[in-house]
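The structure appears right after this line, and notes come after that.
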Amino acid sequence: MAKKNVEAKGADHTAGLRGQTPDELKDALLSLKKEQFNLRFQRATQQLEKTGRVREVRREIARVKTILGEKAQAK
C-alpha cells in the first residue's frame, strides 16, 4: 500500500518536471548531482542521517535525464 503513495508522488513530480524548459532541467540536474556527491561524501565519513535520500536523489536524476532525452528527441 505504501508503494502506491510513492508512485503517485513520483508521477506528480514528473508532471511538474515536464513543464520545465530544458535549461531549467539542466540546472536541476546539476543541483541533484551536487547533492548526490555530498550524500556520497557523508556516507563515506559515516555522517549520513537520511540514508533513503541517496535513493531518492538517484531516481530524481534518472527522471530528469529521461525527460531531457524526450525533449531532445521531440525536436
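By convention here, the chains of the C-alpha cells are called A, B, ... in the order presented, each chain's residues are numbered starting at 1, and ligands are numbered starting at 1 in the order presented.
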Who sits within 7 Å of region 56-70 of chain A, only C-alpha atoms, same chain under 5 positions skipped, as a compact mmCIF listing (two decimals) with N, CA, C and O atoms, in the first residue's frame:
```
# COMPACT_ATOMS: atom_id res chain seq x y z
N THR A 14 6.97 14.15 -11.70
CA THR A 14 7.37 14.02 -13.10
C THR A 14 6.55 14.97 -13.97
O THR A 14 7.09 15.60 -14.88
N ARG A 18 8.05 17.93 -16.44
CA ARG A 18 7.76 18.02 -17.88
C ARG A 18 7.40 19.44 -18.30
O ARG A 18 7.57 19.81 -19.46
N PRO A 22 14.23 22.97 -21.03
CA PRO A 22 15.47 22.19 -20.96
C PRO A 22 16.56 22.86 -20.11
O PRO A 22 17.30 22.18 -19.40
N LEU A 25 15.77 22.22 -16.54
CA LEU A 25 16.05 20.82 -16.22
C LEU A 25 17.55 20.59 -16.05
O LEU A 25 17.96 19.84 -15.17
N LEU A 29 19.36 19.23 -12.79
CA LEU A 29 20.26 18.08 -12.86
C LEU A 29 21.59 18.39 -12.19
O LEU A 29 22.12 17.57 -11.42
N LEU A 32 21.09 18.36 -8.47
CA LEU A 32 20.94 16.99 -7.96
C LEU A 32 22.27 16.25 -7.94
O LEU A 32 22.55 15.49 -7.01
N GLN A 36 23.99 14.63 -4.75
CA GLN A 36 24.41 13.23 -4.74
C GLN A 36 25.86 13.11 -4.29
O GLN A 36 26.19 12.23 -3.50
```
Computed interatomic separation between CA of Leu48 (chain A) and CA of Lys34 (chain A) (Å): 15.2 Å
DSSP alpha helix (DSSP H) residues within chain A, listed as an NGL selection string: :A and (2-18 or 22-44 or 52-74)
Could you please take those selected residues and save C-alpha atoms as an mmCIF file, in the first residue's frame?
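Written file, selection28.cif:
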```cif
data_model
loop_
_atom_site.group_PDB
_atom_site.id
_atom_site.type_symbol
_atom_site.label_atom_id
_atom_site.label_comp_id
_atom_site.auth_asym_id
_atom_site.auth_seq_id
_atom_site.Cartn_x
_atom_site.Cartn_y
_atom_site.Cartn_z
ATOM 1 C CA ALA A 2 2.862 2.386 0.722
ATOM 2 C CA LYS A 3 4.216 1.761 -2.757
ATOM 3 C CA LYS A 4 1.168 3.418 -4.327
ATOM 4 C CA ASN A 5 1.933 6.606 -2.418
ATOM 5 C CA VAL A 6 5.496 6.596 -3.720
ATOM 6 C CA GLU A 7 4.325 6.054 -7.289
ATOM 7 C CA ALA A 8 1.771 8.849 -7.023
ATOM 8 C CA LYS A 9 4.412 11.194 -5.641
ATOM 9 C CA GLY A 10 6.755 10.321 -8.498
ATOM 10 C CA ALA A 11 4.043 10.796 -11.114
ATOM 11 C CA ASP A 12 3.069 14.211 -9.725
ATOM 12 C CA HIS A 13 6.670 15.323 -9.604
ATOM 13 C CA THR A 14 7.369 14.021 -13.096
ATOM 14 C CA ALA A 15 4.434 16.028 -14.430
ATOM 15 C CA GLY A 16 5.955 19.135 -12.852
ATOM 16 C CA LEU A 17 9.314 18.393 -14.439
ATOM 17 C CA ARG A 18 7.765 18.017 -17.877
ATOM 18 C CA PRO A 22 15.471 22.185 -20.956
ATOM 19 C CA ASP A 23 17.647 24.881 -19.343
ATOM 20 C CA GLU A 24 15.704 24.600 -16.082
ATOM 21 C CA LEU A 25 16.047 20.824 -16.220
ATOM 22 C CA LYS A 26 19.807 21.097 -16.758
ATOM 23 C CA ASP A 27 20.053 23.387 -13.721
ATOM 24 C CA ALA A 28 18.015 20.914 -11.677
ATOM 25 C CA LEU A 29 20.261 18.075 -12.856
ATOM 26 C CA LEU A 30 23.379 19.970 -11.825
ATOM 27 C CA SER A 31 21.888 20.647 -8.407
ATOM 28 C CA LEU A 32 20.938 16.989 -7.962
ATOM 29 C CA LYS A 33 24.415 15.837 -8.987
ATOM 30 C CA LYS A 34 25.933 18.134 -6.356
ATOM 31 C CA GLU A 35 23.551 16.793 -3.737
ATOM 32 C CA GLN A 36 24.405 13.233 -4.743
ATOM 33 C CA PHE A 37 28.116 13.979 -4.357
ATOM 34 C CA ASN A 38 27.545 15.475 -0.909
ATOM 35 C CA LEU A 39 25.462 12.472 0.149
ATOM 36 C CA ARG A 40 28.161 10.064 -1.034
ATOM 37 C CA PHE A 41 30.750 12.035 0.906
ATOM 38 C CA GLN A 42 28.578 11.962 4.047
ATOM 39 C CA ARG A 43 28.082 8.221 3.688
ATOM 40 C CA ALA A 44 31.825 7.649 3.330
ATOM 41 C CA GLY A 52 16.913 6.883 1.914
ATOM 42 C CA ARG A 53 17.723 10.251 0.407
ATOM 43 C CA VAL A 54 20.520 8.653 -1.646
ATOM 44 C CA ARG A 55 17.961 6.501 -3.440
ATOM 45 C CA GLU A 56 15.540 9.411 -3.920
ATOM 46 C CA VAL A 57 18.217 11.613 -5.473
ATOM 47 C CA ARG A 58 19.396 8.827 -7.781
ATOM 48 C CA ARG A 59 15.859 8.298 -9.036
ATOM 49 C CA GLU A 60 15.256 12.017 -9.400
ATOM 50 C CA ILE A 61 18.381 12.283 -11.567
ATOM 51 C CA ALA A 62 17.039 9.467 -13.729
ATOM 52 C CA ARG A 63 13.690 11.259 -14.101
ATOM 53 C CA VAL A 64 15.334 14.495 -15.183
ATOM 54 C CA LYS A 65 17.631 12.707 -17.656
ATOM 55 C CA THR A 66 14.676 10.822 -19.138
ATOM 56 C CA ILE A 67 12.658 13.987 -19.640
ATOM 57 C CA LEU A 68 15.659 15.797 -21.148
ATOM 58 C CA GLY A 69 16.075 12.911 -23.593
ATOM 59 C CA GLU A 70 12.416 13.006 -24.529
ATOM 60 C CA LYS A 71 12.558 16.731 -25.156
ATOM 61 C CA ALA A 72 15.698 16.349 -27.279
ATOM 62 C CA GLN A 73 14.041 13.669 -29.401
ATOM 63 C CA ALA A 74 10.927 15.782 -29.881
#
```
